[in-house]
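J.: protein26.txt is reproduced below (compact mmCIF, C-alpha atoms).
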# COMPACT_ATOMS: atom_id res chain seq x y z
CA MET J 1 113.77 85.18 157.51
CA THR J 2 110.65 87.17 158.47
CA ILE J 3 112.18 90.45 157.29
CA ARG J 4 113.13 88.80 154.00
CA LYS J 5 109.59 87.49 153.47
CA VAL J 6 108.14 90.93 154.18
CA LYS J 7 110.52 92.40 151.61
CA TYR J 8 109.41 89.81 149.02
CA TYR J 9 105.76 90.54 149.78
CA LEU J 10 106.32 94.29 149.37
CA TYR J 11 108.13 93.72 146.10
CA LEU J 12 105.25 91.65 144.68
CA LYS J 13 102.78 94.27 145.92
CA ASP J 14 104.74 96.95 144.06
CA VAL J 15 104.75 94.82 140.90
CA VAL J 16 100.95 94.50 141.17
CA THR J 17 100.73 98.29 141.43
CA LEU J 18 102.83 98.68 138.29
CA SER J 19 100.84 96.06 136.39
CA VAL J 20 97.57 98.00 136.79
CA THR J 21 98.88 101.58 136.61
CA ALA J 22 101.80 101.53 134.12
CA PHE J 23 100.07 103.21 131.17
CA GLY J 24 102.02 104.98 128.45
CA GLY J 25 104.56 102.45 127.23
CA PRO J 26 108.20 101.75 128.15
CA GLN J 27 109.13 105.33 129.05
CA ALA J 28 106.32 105.67 131.59
CA PHE J 29 107.08 102.21 132.95
CA LEU J 30 110.74 103.04 133.52
CA ALA J 31 109.86 106.31 135.26
CA MET J 32 107.53 104.44 137.63
CA VAL J 33 110.13 101.75 138.36
CA LEU J 34 112.68 104.45 139.13
CA ASP J 35 110.27 106.18 141.50
CA ILE J 36 108.82 103.13 143.29
CA MET J 37 111.54 100.48 143.24
CA VAL J 38 114.67 102.60 143.38
CA ARG J 39 113.93 105.84 145.20
CA LYS J 40 111.16 104.70 147.56
CA ARG J 41 111.92 101.03 148.25
CA ARG J 42 115.64 100.92 147.34
CA TYR J 43 115.47 97.35 146.07
CA ILE J 44 118.39 98.24 143.77
CA SER J 45 120.43 101.37 143.07
CA GLU J 46 119.70 103.72 140.20
CA GLU J 47 122.93 102.67 138.51
CA GLU J 48 121.89 99.01 138.74
CA LEU J 49 118.49 99.83 137.22
CA TRP J 50 120.02 101.54 134.17
CA GLU J 51 122.44 98.68 133.68
CA LEU J 52 119.73 96.02 133.96
CA HIS J 53 117.46 97.96 131.63
CA ALA J 54 120.26 98.35 129.07
CA LEU J 55 120.97 94.62 129.25
CA CYS J 56 117.28 93.80 128.70
CA GLN J 57 117.14 96.15 125.72
CA ILE J 58 119.86 94.25 123.88
CA LEU J 59 118.35 90.83 124.53
CA PRO J 60 115.41 89.46 122.54
CA GLY J 61 112.10 89.58 124.35
CA PRO J 62 109.89 92.08 126.21
CA THR J 63 112.18 94.68 127.79
CA SER J 64 109.83 95.81 130.56
CA THR J 65 109.00 92.25 131.58
CA GLN J 66 112.66 91.26 131.59
CA THR J 67 113.50 94.31 133.71
CA ILE J 68 110.87 93.37 136.30
CA SER J 69 112.09 89.77 136.32
CA ALA J 70 115.74 90.82 136.61
CA ILE J 71 115.00 93.09 139.59
CA GLY J 72 113.05 90.23 141.20
CA TYR J 73 116.05 87.98 140.60
CA ARG J 74 118.37 90.46 142.31
CA VAL J 75 115.98 90.87 145.24
CA GLY J 76 115.00 87.27 145.90
CA GLY J 77 116.42 84.86 143.34
CA PRO J 78 114.66 82.78 140.66
CA ASN J 79 111.50 81.99 142.63
CA LEU J 80 110.67 85.64 143.30
CA ALA J 81 111.58 86.49 139.71
CA TYR J 82 109.10 83.98 138.30
CA LEU J 83 106.41 85.16 140.72
CA SER J 84 106.97 88.77 139.72
CA LEU J 85 106.76 87.75 136.05
CA LEU J 86 103.37 86.12 136.66
CA VAL J 87 102.02 89.07 138.66
CA TRP J 88 103.26 91.58 136.07
CA ILE J 89 101.72 89.93 132.98
CA LEU J 90 98.46 88.58 134.43
CA PRO J 91 96.26 91.75 134.39
CA ALA J 92 97.19 92.68 130.79
CA THR J 93 96.79 89.05 129.68
CA ILE J 94 93.29 88.90 131.17
CA LEU J 95 92.28 92.26 129.67
CA MET J 96 93.53 91.46 126.16
CA THR J 97 92.00 87.98 126.18
CA ALA J 98 88.69 89.51 127.28
CA ALA J 99 89.04 92.13 124.51
CA ALA J 100 89.45 89.36 121.93
CA ILE J 101 86.33 87.57 123.18
CA LEU J 102 84.37 90.85 123.11
CA VAL J 103 85.54 91.73 119.59
CA ASP J 104 84.56 88.28 118.32
CA PHE J 105 81.16 88.55 120.05
CA LEU J 106 80.45 92.00 118.57
CA GLN J 107 81.38 90.74 115.11
CA THR J 108 79.02 87.80 115.52
CA GLN J 109 76.20 90.12 116.53
CA THR J 110 76.78 92.42 113.54
CA ALA J 111 77.34 89.84 110.78
CA GLY J 112 81.11 90.12 110.83
CA SER J 113 81.19 93.93 110.87
CA LEU J 114 83.95 95.78 112.69
CA ASN J 115 82.38 99.23 112.28
CA PHE J 116 82.68 99.76 116.03
CA ALA J 117 86.47 99.73 115.50
CA LYS J 118 86.33 101.97 112.42
CA PHE J 119 88.16 104.79 114.18
CA ILE J 120 90.77 102.92 116.19
CA GLN J 121 92.05 100.82 113.26
CA PRO J 122 93.74 103.74 111.43
CA MET J 123 94.65 105.19 114.84
CA ALA J 124 96.79 102.08 115.39
CA ILE J 125 98.89 103.05 112.35
CA GLY J 126 99.46 106.46 113.94
CA PHE J 127 100.72 104.76 117.10
CA ILE J 128 103.12 102.61 115.05
CA ILE J 129 104.51 105.62 113.15
CA TYR J 130 105.04 107.48 116.42
CA ALA J 131 106.76 104.45 117.96
CA ALA J 132 108.95 104.07 114.85
CA GLN J 133 110.08 107.68 115.08
CA LYS J 134 110.99 107.37 118.76
CA THR J 135 112.73 104.03 118.31
CA ILE J 136 114.76 105.14 115.29
CA GLY J 137 115.85 108.28 117.13
CA LYS J 138 117.30 106.14 119.92
CA MET J 139 118.80 103.26 117.95
CA VAL J 140 120.00 104.59 114.56
CA LYS J 141 123.03 106.84 115.05
CA THR J 142 125.41 106.09 112.15
CA THR J 143 125.36 105.94 108.35
CA GLU J 144 125.89 102.17 108.43
CA ALA J 145 122.91 101.74 110.74
CA MET J 146 120.76 103.93 108.47
CA VAL J 147 121.69 101.83 105.42
CA LEU J 148 120.93 98.59 107.26
CA MET J 149 117.61 99.99 108.43
CA MET J 150 116.53 100.93 104.89
CA LEU J 151 117.71 97.60 103.43
CA SER J 152 115.81 95.60 106.05
CA ALA J 153 112.70 97.72 105.45
CA PHE J 154 112.98 97.03 101.71
CA VAL J 155 113.37 93.29 102.26
CA ALA J 156 110.46 93.21 104.69
CA PHE J 157 108.29 95.02 102.12
CA PHE J 158 108.85 92.51 99.34
CA TYR J 159 109.69 89.27 101.17
CA ASN J 160 107.20 89.40 103.99
CA SER J 161 107.79 85.97 105.56
CA PRO J 162 108.26 85.18 109.27
CA TYR J 163 111.23 82.97 108.37
CA ILE J 164 113.31 85.74 106.84
CA PHE J 165 113.33 87.98 109.94
CA PRO J 166 115.88 85.92 111.95
CA PHE J 167 118.30 85.89 109.01
CA MET J 168 118.07 89.67 108.65
CA LEU J 169 118.80 90.15 112.36
CA ILE J 170 121.83 87.86 112.20
CA ALA J 171 123.12 89.54 109.02
CA GLY J 172 122.73 92.99 110.60
CA GLY J 173 124.61 91.94 113.73
CA ILE J 174 127.48 90.36 111.76
CA THR J 175 127.76 93.42 109.50
CA THR J 176 128.35 95.91 112.32
CA SER J 177 130.41 93.50 114.44
CA LEU J 178 133.11 93.69 111.75
CA LYS J 179 133.82 97.30 112.71
CA PHE J 180 134.41 96.44 116.37
CA ASN J 181 137.68 98.41 116.34
CA LYS J 182 135.64 101.60 116.68
CA GLN J 183 134.39 100.43 120.09
CA PRO J 184 136.43 101.63 123.10
CA LYS J 185 138.54 98.99 124.80
CA ILE J 186 137.55 97.80 128.25
CA GLU J 187 140.10 96.00 130.39
CA GLU J 188 139.35 92.28 130.72
CA LYS J 189 140.62 91.04 134.09
CA HIS J 190 139.03 87.61 134.06
CA GLY J 191 137.57 85.17 131.59
CA ILE J 192 133.86 84.44 131.31
CA THR J 193 132.31 81.74 133.47
CA ILE J 194 129.03 80.64 131.93
CA GLN J 195 126.26 78.67 133.62
CA TRP J 196 124.32 77.07 130.77
CA ALA J 197 121.20 75.82 132.60
CA ASN J 198 118.80 78.59 131.55
CA PHE J 199 120.13 78.66 128.00
CA LEU J 200 119.59 74.93 127.67
CA LEU J 201 116.12 75.36 129.13
CA TRP J 202 115.33 78.05 126.57
CA GLY J 203 116.68 75.98 123.67
CA GLY J 204 115.14 72.75 124.92
CA VAL J 205 111.65 74.26 125.12
CA LEU J 206 112.05 75.79 121.64
CA ILE J 207 113.13 72.52 120.01
CA THR J 208 110.57 70.40 121.87
CA ALA J 209 107.69 72.74 121.02
CA ALA J 210 108.75 72.90 117.36
CA ALA J 211 108.99 69.09 117.10
CA LEU J 212 105.68 68.47 118.87
CA GLY J 213 103.91 71.10 116.79
CA HIS J 214 105.29 69.67 113.55
CA PHE J 215 104.40 66.04 114.25
CA THR J 216 101.14 66.41 116.19
CA LYS J 217 99.64 69.40 114.29
CA ILE J 218 97.73 70.25 117.51
CA LEU J 219 96.77 73.93 117.38
CA PRO J 220 97.55 74.87 121.03
CA ILE J 221 101.04 73.34 120.72
CA ARG J 222 101.67 75.07 117.40
CA LEU J 223 100.47 78.37 118.87
CA PHE J 224 102.84 78.04 121.82
CA GLU J 225 105.73 77.32 119.44
CA ASN J 226 104.82 80.28 117.21
CA PHE J 227 104.76 82.75 120.09
CA TYR J 228 107.79 81.22 121.81
CA ARG J 229 109.79 81.55 118.58
CA ASN J 230 108.69 85.16 118.12
CA GLY J 231 109.49 85.93 121.74
CA SER J 232 112.99 84.56 121.14
CA LEU J 233 113.64 86.85 118.16
CA ILE J 234 112.17 90.26 119.03
CA PHE J 235 114.73 93.00 119.63
CA GLY J 236 113.56 96.51 120.43
CA GLY J 237 110.37 96.13 122.44
CA GLY J 238 106.67 95.65 121.81
CA GLN J 239 106.41 97.92 118.76
CA VAL J 240 108.93 95.75 116.88
CA LEU J 241 106.77 92.72 117.65
CA VAL J 242 104.03 94.07 115.36
CA PRO J 243 105.48 93.10 111.93
CA TYR J 244 106.39 89.62 113.16
CA LEU J 245 102.92 88.86 114.51
CA TYR J 246 101.08 90.48 111.60
CA THR J 247 103.08 88.54 109.03
CA GLU J 248 102.72 85.20 110.78
CA PHE J 249 99.15 85.28 112.06
CA VAL J 250 97.39 87.52 109.52
CA GLU J 251 99.18 87.12 106.19
CA PHE J 252 100.83 83.71 106.56
CA LYS J 253 98.29 81.72 108.60
CA ALA J 254 95.15 83.90 108.37
CA TYR J 255 94.11 83.18 111.97
CA LEU J 256 92.63 86.70 112.13
CA THR J 257 91.94 89.54 109.71
CA SER J 258 93.91 92.73 109.25
CA GLU J 259 91.02 94.70 110.78
CA GLU J 260 90.94 92.45 113.84
CA PHE J 261 94.71 92.79 114.26
CA LEU J 262 94.64 96.58 114.05
CA THR J 263 91.74 96.72 116.50
CA GLY J 264 93.70 94.61 118.98
CA TYR J 265 96.86 96.65 118.58
CA ALA J 266 94.95 99.87 119.23
CA ILE J 267 93.28 98.40 122.32
CA SER J 268 96.66 97.23 123.63
CA GLN J 269 97.84 100.85 123.63
CA GLY J 270 95.19 101.63 126.25
CA VAL J 271 95.96 98.68 128.52
CA PRO J 272 98.44 98.95 131.43
CA GLY J 273 101.36 96.58 131.75
CA PRO J 274 103.50 94.93 129.05
CA THR J 275 102.91 95.88 125.41
CA PHE J 276 103.55 92.24 124.42
CA SER J 277 100.08 91.55 125.83
CA ILE J 278 98.68 91.89 122.30
CA SER J 279 99.85 88.28 121.92
CA SER J 280 97.05 87.14 124.23
CA TYR J 281 94.53 88.89 121.99
CA ILE J 282 95.92 87.12 118.91
CA GLY J 283 96.11 83.77 120.69
CA ALA J 284 92.51 84.05 121.85
CA LEU J 285 91.20 84.85 118.36
CA SER J 286 93.32 82.05 116.89
CA MET J 287 91.39 79.52 119.01
CA ARG J 288 87.93 81.14 118.93
CA GLU J 289 86.55 78.17 116.95
CA MET J 290 86.74 76.19 120.21
CA GLY J 291 84.42 78.58 122.03
CA ILE J 292 85.13 80.84 125.01
CA GLY J 293 87.14 78.10 126.73
CA GLY J 294 89.33 77.79 123.65
CA ALA J 295 89.78 81.55 123.41
CA ILE J 296 90.85 81.77 127.07
CA THR J 297 93.25 78.86 126.55
CA GLY J 298 94.68 80.55 123.46
CA GLY J 299 95.24 83.79 125.36
CA LEU J 300 97.09 82.01 128.17
CA ILE J 301 99.16 79.89 125.76
CA ALA J 302 100.18 82.98 123.81
CA ALA J 303 101.21 84.79 127.02
CA ALA J 304 103.32 81.83 128.16
CA GLY J 305 104.93 81.52 124.73
CA ILE J 306 105.80 85.19 124.27
CA PHE J 307 107.06 85.93 127.80
CA LEU J 308 109.00 82.80 128.79
CA PRO J 309 111.93 82.93 126.32
CA GLY J 310 112.97 86.45 127.30
CA THR J 311 112.83 85.45 130.96
CA PHE J 312 114.99 82.37 130.40
CA LEU J 313 117.52 84.45 128.43
CA ILE J 314 117.79 87.28 130.98
CA PHE J 315 118.40 84.71 133.75
CA PHE J 316 121.08 83.13 131.56
CA VAL J 317 122.92 86.30 130.56
CA ILE J 318 122.65 88.29 133.82
CA ARG J 319 125.15 85.95 135.49
CA PHE J 320 128.02 86.78 133.13
CA TRP J 321 126.99 90.04 131.48
CA ASP J 322 129.58 92.13 133.31
CA GLU J 323 132.33 90.21 131.52
CA LEU J 324 130.61 89.66 128.17
CA LYS J 325 129.98 93.37 127.56
CA LYS J 326 133.72 94.01 127.61
CA TYR J 327 134.11 92.24 124.26
CA ARG J 328 133.98 94.82 121.49
CA PRO J 329 132.42 92.61 118.73
CA VAL J 330 129.47 91.94 121.05
CA ARG J 331 128.83 95.63 121.60
CA ALA J 332 129.35 96.43 117.91
CA ALA J 333 126.86 93.76 116.79
CA LEU J 334 124.05 95.41 118.73
CA GLU J 335 124.07 98.40 116.38
CA GLY J 336 123.20 96.19 113.40
CA VAL J 337 120.56 94.20 115.26
CA ASN J 338 118.83 97.38 116.40
CA ALA J 339 119.00 98.94 112.92
CA VAL J 340 117.35 95.90 111.33
CA SER J 341 114.64 95.97 114.00
CA CYS J 342 113.93 99.61 113.11
CA GLY J 343 113.68 98.71 109.42
CA MET J 344 111.08 96.08 110.25
CA LEU J 345 109.12 98.67 112.19
CA ILE J 346 109.05 100.99 109.16
CA ALA J 347 107.83 98.08 107.04
CA ALA J 348 105.14 97.31 109.62
CA ALA J 349 103.51 100.73 109.20
CA TYR J 350 103.27 100.22 105.43
CA ILE J 351 102.21 96.56 105.60
CA LEU J 352 99.42 97.32 108.06
CA PHE J 353 98.20 100.30 106.03
CA GLU J 354 98.25 98.47 102.67
CA PRO J 355 94.94 96.56 103.05
CA MET J 356 93.21 99.67 104.44
CA PRO J 357 91.33 102.02 102.04
CA ALA J 358 93.54 105.06 101.36
CA ASN J 359 90.70 107.52 101.88
CA ILE J 360 90.59 110.92 103.59
CA PHE J 361 89.03 109.46 106.74
CA ASN J 362 91.80 106.89 107.38
CA ILE J 363 94.65 109.25 106.48
CA THR J 364 93.21 111.97 108.73
CA ALA J 365 92.83 109.50 111.63
CA ILE J 366 96.46 108.33 111.21
CA ILE J 367 97.90 111.85 111.03
CA GLY J 368 95.65 113.12 113.82
CA THR J 369 96.69 110.31 116.18
CA TYR J 370 100.36 110.93 115.43
CA LEU J 371 100.00 114.67 116.07
CA LEU J 372 98.18 114.06 119.36
CA LEU J 373 100.98 111.77 120.53
CA GLN J 374 103.74 114.06 119.30
CA PHE J 375 102.49 117.47 120.39
CA THR J 376 100.10 116.94 123.31
CA LYS J 377 100.29 115.28 126.69
CA ILE J 378 97.02 113.37 126.30
CA PRO J 379 97.66 109.84 127.62
CA SER J 380 97.47 107.01 125.08
CA PRO J 381 94.60 105.24 126.91
CA LEU J 382 92.41 108.35 126.66
CA ILE J 383 93.09 108.64 122.93
CA ILE J 384 92.11 105.00 122.42
CA ILE J 385 89.03 105.26 124.64
CA GLY J 386 87.92 108.30 122.64
CA GLY J 387 88.28 106.34 119.40
CA ILE J 388 86.33 103.37 120.80
CA VAL J 389 83.48 105.58 122.07
CA ILE J 390 83.17 107.35 118.72
CA GLY J 391 83.31 104.01 116.91
CA LEU J 392 80.56 102.51 119.07
CA GLY J 393 78.43 105.57 118.41
CA TYR J 394 79.04 105.14 114.70
CA GLN J 395 78.09 101.46 114.95
CA PHE J 396 74.86 102.37 116.71
CA VAL J 397 73.88 104.96 114.10
CA ILE J 398 74.78 102.90 111.03
CA ASN J 399 73.54 99.47 112.06
CA GLY J 400 71.03 100.28 114.77
CA TYR J 401 73.04 98.03 117.09
CA SER J 402 72.06 98.32 120.73
CA ILE J 403 75.15 99.12 122.73
Show me the file's structure as structure tokens.
T.:
Amino acid sequence: MTIRKVKYYLYLKDVVTLSVTAFGGPQAFLAMVLDIMVRKRRYISEEELWELHALCQILPGPTSTQTISAIGYRVGGPNLAYLSLLVWILPATILMTAAAILVDFLQTQTAGSLNFAKFIQPMAIGFIIYAAQKTIGKMVKTTEAMVLMMLSAFVAFFYNSPYIFPFMLIAGGITTSLKFNKQPKIEEKHGITIQWANFLLWGGVLITAAALGHFTKILPIRLFENFYRNGSLIFGGGQVLVPYLYTEFVEFKAYLTSEEFLTGYAISQGVPGPTFSISSYIGALSMREMGIGGAITGGLIAAAGIFLPGTFLIFFVIRFWDELKKYRPVRAALEGVNAVSCGMLIAAAYILFEPMPANIFNITAIIGTYLLLQFTKIPSPLIIIGGIVIGLGYQFVINGYSI
């Protein structure tokens, strides 16, 4: 028992280390997990890590967070998994909530101006374009996937509603599942035994939150439902989350402005830990009218809403994934789901750029950020910090604001 507790303690300590040092997105995160949790600690084998990571990639929700939770589940069961989830998301949640409070304060002090974020707003578009390129390169491999990607991008351009995204994902999955005969056969020795508890928990929370939000109209409840629903639909990682959140919270509900959203997205690129942490920034600004206490509450509610559904789903699927993945229609459907997600990411770059002045300054900042990411090894946080420092200097010169 003592040895087991020491192992659990070490695992949580390693998760803390990751949560404050995992800069650079999913690729850097995975490299650190491989080094710390597989090669040094041997919590799981390298083969198990790749399989768990692949499973998390095809489920909705934050891939990195699900991977951490799944490893915790393998090491110590549900209790350790939930603890590791909390430890992993807490630093980024605190940082992004604090960033939202700071952004709102600086706007208040400068009569609503976001000149201090003048540089990092177009830089955020450069990050999205870079992420889109990397994601498409991994997920879009066939002509059918390319067509689905372009169709979903077109639909997202002209019918930019949060309610159409789930239908596009389902349509994409059904379309490619019809060509399941192209998938290699895998011998099925046994049927699937499914334990429904976590699925029912996921669905029960979704329905309850939606009903309470609809009938009570209480903002914190509605916020939780909004983020929980988005967390249940996102395939492809944090970058794919962008068009969902922008459409719902900027264009549809106007809880924050396009400039505030872009500022938050850029800041999130310089924060360690899960990229879904931008949700805490949005949640905090959505409840800023209630003061600092409201903003903190909004940040925590958003974090709970965005991270819980993916955790429930990974706990549900991990128990029978070995058998489910043998079914060819299931594997074939993933191609369509991923292609549609990529189309939404293309649309996100355009939708976020549309309200921004198409001047030389913004276009240069977008292209420059993309080139830095593509052709140099400068870490993302340093690029963002550079943009913030320049922007604060600009704010000081233009408005005489004391930094």
J.: Could you give me, as CSV, a per-residue list for stretch 86-162 of chain J showing, wherever an atom lies at most 9 Å from an atom of stretch 372-387 of chain J, the closest pair of atoms and their distance in Å to one decimal, using all atoms listed in the file and sorting by chain then residue number from low to high?
T.:
residue,atom,partner,partner_atom,distance
J:Ala117,CA,J:Gly387,CA,7.9
J:Lys118,CA,J:Gly387,CA,8.5
J:Phe119,CA,J:Gly387,CA,5.4
J:Ile120,CA,J:Gly387,CA,5.3
J:Met123,CA,J:Gly387,CA,7.9
J:Ala124,CA,J:Ile384,CA,8.9
J:Gly126,CA,J:Leu373,CA,8.6
J:Phe127,CA,J:Leu373,CA,7.8
J:Tyr130,CA,J:Leu373,CA,7.2
J.: Go ahead and write the residues just picked, C-alpha atoms, as a JSON list (two decimals), in the frame of the given file.
T.:
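selection_32.json was written with the following content:
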[["chain", "number", "residue", "atom", "x", "y", "z"],
["J", 117, "ALA", "CA", 86.47, 99.73, 115.50],
["J", 118, "LYS", "CA", 86.33, 101.97, 112.42],
["J", 119, "PHE", "CA", 88.16, 104.79, 114.18],
["J", 120, "ILE", "CA", 90.77, 102.92, 116.19],
["J", 123, "MET", "CA", 94.65, 105.19, 114.84],
["J", 124, "ALA", "CA", 96.79, 102.08, 115.39],
["J", 126, "GLY", "CA", 99.46, 106.46, 113.94],
["J", 127, "PHE", "CA", 100.72, 104.76, 117.10],
["J", 130, "TYR", "CA", 105.04, 107.48, 116.42]]
J.: Here is a test: counting only C-alpha atoms, which residue of J:Leu34, J:Gly204, J:Val337, J:Leu12 is nearest to J:Ser69?
T.: J:Leu12
J.: Give as a list of chain:residue names every residue, naming chains and numbers as the document does, that has an atom within 6 Å of (100.1, 96.1, 133.9), counting all atoms listed in the file.
T.: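 Here the neighbourhood of the point contains J:Leu18, J:Ser19, J:Val20, J:Ala22, J:Trp88, J:Pro91, J:Ala92, J:Pro272, J:Gly273.
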J.: As a count of residues only, please: the residues near J:Phe315 (cut-off 12 Å, only C-alpha atoms, same-chain neighbours under 2 positions excluded).
T.: 38
J.: Using Å and a single decimal, report how far atom CA of J:Ala284 sits from atom CA of J:Ala347.
T.: 25.5 Å
J.: Using all atoms listed in the file, which protein or nucleic acid residues come within 8 Å of J:Phe307? Drop anything in the same chain fewer than 2 positions from it, and give the result as a PyMOL selection string.
T.: chain J and resi 61-62+65+228+231+276+303-305+309-311
J.: Which one of J:Ile367, J:Cys342, J:Met168, J:Ala302 sits closest to J:Thr93 if you count only C-alpha atoms?
T.: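 Of J:Ile367, J:Cys342, J:Met168, J:Ala302, the one nearest J:Thr93 is J:Ala302, counting only C-alpha atoms.
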J.: Out of J:Asp104, J:Glu48, J:Glu251, J:Glu144, which residue has the shortest atom-to-atom distance to J:Val340 when counting only C-alpha atoms?
T.: J:Glu144
J.: Would you kindly return, as a short mmCIF file (atom, residue, chain, number, x, y, z; two decimals) with C-alpha atoms, in the coordinates of the input, each protein, DNA or RNA residue with an atom no farther than 12 Å from any atom of J:Ile164, considering only C-alpha atoms and excluding same-chain residues fewer than 5 positions away?
T.:
data_model
loop_
_atom_site.label_atom_id
_atom_site.label_comp_id
_atom_site.auth_asym_id
_atom_site.auth_seq_id
_atom_site.Cartn_x
_atom_site.Cartn_y
_atom_site.Cartn_z
CA SER J 152 115.81 95.60 106.05
CA VAL J 155 113.37 93.29 102.26
CA ALA J 156 110.46 93.21 104.69
CA PHE J 157 108.29 95.02 102.12
CA PHE J 158 108.85 92.51 99.34
CA TYR J 159 109.69 89.27 101.17
CA LEU J 169 118.80 90.15 112.36
CA ILE J 170 121.83 87.86 112.20
CA ALA J 171 123.12 89.54 109.02
CA LEU J 233 113.64 86.85 118.16
CA PRO J 243 105.48 93.10 111.93
CA TYR J 244 106.39 89.62 113.16
CA THR J 247 103.08 88.54 109.03
CA GLU J 248 102.72 85.20 110.78
CA VAL J 340 117.35 95.90 111.33
CA MET J 344 111.08 96.08 110.25
#
J.: Measuring between all atoms listed in the file, which one of J:Ala358, J:Leu178, J:Val16, J:Ala98 shows the shortest distance to J:Ile278?
T.: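 Of J:Ala358, J:Leu178, J:Val16, J:Ala98, the one nearest J:Ile278 is J:Ala98, counting all atoms listed in the file.
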J.: Looking at only C-alpha atoms, which of J:Ser258, J:Asn230, J:Ser341, J:Ser45 is the one that sits closest to J:Ile306?
T.: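 Comparing J:Ser258, J:Asn230, J:Ser341, J:Ser45 against J:Ile306, the winner is J:Asn230.
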J.: Counting all atoms listed in the file, which of J:Thr208, J:Gln107, J:Ser268, J:Thr97 gets nearest to J:Tyr281?
T.: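 That would be J:Thr97, the residue with the smallest distance to J:Tyr281.
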J.: Write out as a list in words the residues lying within 9 Å of J:Met146, counting all atoms listed in the file and excluding same-chain residues fewer than 5 positions away.
T.: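 Surrounding residues, per the criterion: Val140, Lys141, Leu151, Ala339 and Gly343 of chain J.
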J.: One decimal, Å: what's the distance from atom CA of J:Val242 over to atom CA of J:Glu259, could you say?
T.: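 These atoms are spaced 13.8 Å apart.
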J.: Give me, please, the distance in Å between atom CA of J:Thr63 and atom CA of J:Leu241, quoted to one decimal.
T.: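 According to the coordinates, atom CA of J:Thr63 and atom CA of J:Leu241 are separated by 11.7 Å.
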J.: List as a PyMOL selection string the protein and nucleic acid residues near J:Ala132, meaning an atom at most 9 Å away when all atoms listed in the file are counted, but skip any in the same chain fewer than 4 places from it.
T.: chain J and resi 127-128+136-137+239-240+342-343+345-346+349
